[in-house]
Every structure is written in C-alpha cells, then in structure tokens.
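The block underneath contains the structure these notes are about, expressed in structure tokens.
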Amino acid sequence: MSTLDTITTHSKKILNRAGHIVDSAFSVFPKKVATTTERVFSANTANQISDSIQDVKNNFASLFQNIVEEDTINLATEDVACGIIANLAYCDPFSRDKEVDTYKLIEEYNKIEYCLYRDDKAQKYIL
C-alpha cells in the first residue's frame with residue numbers, strides 16, 4: 001500500500017468516525033436534556049431545548065452528508081514529501097528512508113519518538 005493510499009484510508013476513517021460521534025452524541029443528548037430539564041423547567045421548555053438541539057444535529061449532519069470520498073487526493077507538491085515523512089515517523093528508525101524527495105534524514109535526530117528531515121537547498125525541515 002502506498003503512502004498516499006494510507007493517508008486516504010486514514011482520512012476516510014477519521015471522517016467516518018467524526019460523523020458517528022456527532023450522530024451518537026446528538027441522539028442521546030436531547031433525551032437527557034428533556035428528562036433533566038423537566039424537573040426544573042416545564043415540559044414545554046424541555047421540548048423547546050430538545051427542538052433546538054435537533055436543529056443543531058441537523059446542521060451538523062448536513063456537513064457530513066456533503067463530504068464526498070475521492071479516489072485520489074491532490075496535494076500541493078511541497079506537501080507530498082511532508083505526508084510521506086509523516087508516515088515514516090511511525091516506522092522503525094532503522095527502516096526509514098534516508099531520502100524523501102529533496103529531504104534527507106538527519107541521523108542524529110532519527111529516534112524512536114521522532115525523526116528530522118532537512119532540505120538543504122530550500123532550507124526547510126520536517127520534524
């Protein structure tokens with residue numbers, strides 16, 4: 001699996017999980033608000049709060065409905081190396097690529113917890 005495929009897969013999982021969290025939270029929340037507020041407010045007030053929460057849920061749901069999964073991700077040229085290096089950061093330090101595009105791994109900063117790549121020409125670093 002290529003790095004781009006890995007990034008695509010992880011992005012899809014994150015978006016799907018976020019949608020699930022919003023749906024789960026907003027399906028339980030109105031019931032809790034209604035039962036809790038009925039003790040303090042009138043049932044009418046609790047229903048108004050529940051209706052307001054339903055409006056919020058509908059607005060959030062429309063955000064996730066408009067997300068379209070794509071087969072490819074078009075990254076800016078300078079971001080491709082960053083994505084590849086970000087993926088390499090999770091690899092064993094001994095198996096990381098020594099060069100990615102114009103970036104070279106700095107061995108003294110090739111640790112389990114992090115790695116540092118440098119582009120000498122552009123004077124840029126990716127940690």
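Note on naming: chains are A, B, ... as they come in the structure tokens, residues start from 1 per chain, ligands start from 1 in the order shown.
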When you look at Tyr125 in chain A with a cut-off of 9 Å (counting only C-alpha atoms), what residues show up, excluding the ones that are within fewer than 4 positions of it in the same chain? I need them as a CSV table (one decimal) with all heavy atoms, in the first residue's frame.
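In the end it all went to around_1.csv:
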```csv
chain,number,residue,atom,x,y,z
A,103,TYR,N,14.4,15.9,0.6
A,103,TYR,CA,14.7,15.9,2.1
A,103,TYR,C,15.6,14.7,2.4
A,103,TYR,O,15.4,13.6,1.9
A,103,TYR,CB,13.4,15.9,2.9
A,103,TYR,CG,12.6,17.1,2.8
A,103,TYR,CD1,11.7,17.3,1.8
A,103,TYR,CD2,12.8,18.1,3.8
A,103,TYR,CE1,10.9,18.5,1.7
A,103,TYR,CE2,12.0,19.3,3.7
A,103,TYR,CZ,11.1,19.5,2.7
A,103,TYR,OH,10.4,20.6,2.6
A,116,LEU,N,13.9,13.8,11.9
A,116,LEU,CA,14.1,15.1,11.4
A,116,LEU,C,14.7,14.9,10.0
A,116,LEU,O,15.7,14.3,9.8
A,116,LEU,CB,15.0,16.0,12.2
A,116,LEU,CG,15.2,17.4,11.8
A,116,LEU,CD1,13.9,18.2,11.8
A,116,LEU,CD2,16.2,18.1,12.6
A,117,TYR,N,14.0,15.5,9.0
A,117,TYR,CA,14.5,15.6,7.6
A,117,TYR,C,14.8,17.0,7.3
A,117,TYR,O,14.1,17.9,7.7
A,117,TYR,CB,13.4,15.0,6.7
A,117,TYR,CG,13.3,13.5,6.7
A,117,TYR,CD1,12.6,12.8,7.7
A,117,TYR,CD2,13.9,12.7,5.7
A,117,TYR,CE1,12.5,11.5,7.7
A,117,TYR,CE2,13.7,11.4,5.7
A,117,TYR,CZ,13.1,10.7,6.7
A,117,TYR,OH,12.9,9.4,6.7
A,118,ARG,N,15.8,17.2,6.4
A,118,ARG,CA,16.2,18.6,6.0
A,118,ARG,C,16.4,18.7,4.5
A,118,ARG,O,16.9,17.8,3.9
A,118,ARG,CB,17.6,18.9,6.7
A,118,ARG,CG,18.1,20.3,6.3
A,118,ARG,CD,19.4,20.6,7.0
A,118,ARG,NE,20.4,19.6,6.7
A,118,ARG,CZ,21.3,19.2,7.6
A,118,ARG,NH1,21.4,19.7,8.8
A,118,ARG,NH2,22.2,18.2,7.3
A,119,ASP,N,15.9,19.8,4.0
A,119,ASP,CA,16.1,20.1,2.6
A,119,ASP,C,17.1,21.3,2.6
A,119,ASP,O,16.8,22.4,3.0
A,119,ASP,CB,14.8,20.5,1.9
A,119,ASP,CG,15.0,20.9,0.5
A,119,ASP,OD1,16.1,21.1,0.0
A,119,ASP,OD2,13.9,21.0,-0.2
A,120,ASP,N,18.4,21.0,2.2
A,120,ASP,CA,19.4,22.0,2.3
A,120,ASP,C,19.2,23.1,1.4
A,120,ASP,O,19.4,24.3,1.7
A,120,ASP,CB,20.8,21.3,2.0
A,120,ASP,CG,21.2,20.4,3.1
A,120,ASP,OD1,20.9,20.7,4.3
A,120,ASP,OD2,21.9,19.4,2.9
```
**Residue contacts of Leu88 in chain A (12 Å, only C-alpha atoms) excluding same-chain residues fewer than 2 positions away, as number ranges by chain** = A: 2-3, 6-7, 81-86, 90-100, 105, 110-117, 126-127
**Asked** Just how far from CA of Glu107 in chain A is CA of Gln123 in chain A, in Å to one decimal?
**Response** 17.3 Å
**Request:** Write out as a ChimeraX atom specification all residues of range 41-117 of chain A that backbone DSSP assigns to helix (DSSP H, G or I).
**Result:** /A:43-65,77-88,93-95,107-109
**Complete:** As a check of understanding: the span from CA of Thr72 in chain A to CA of Asn58 in chain A is 28.9 Å
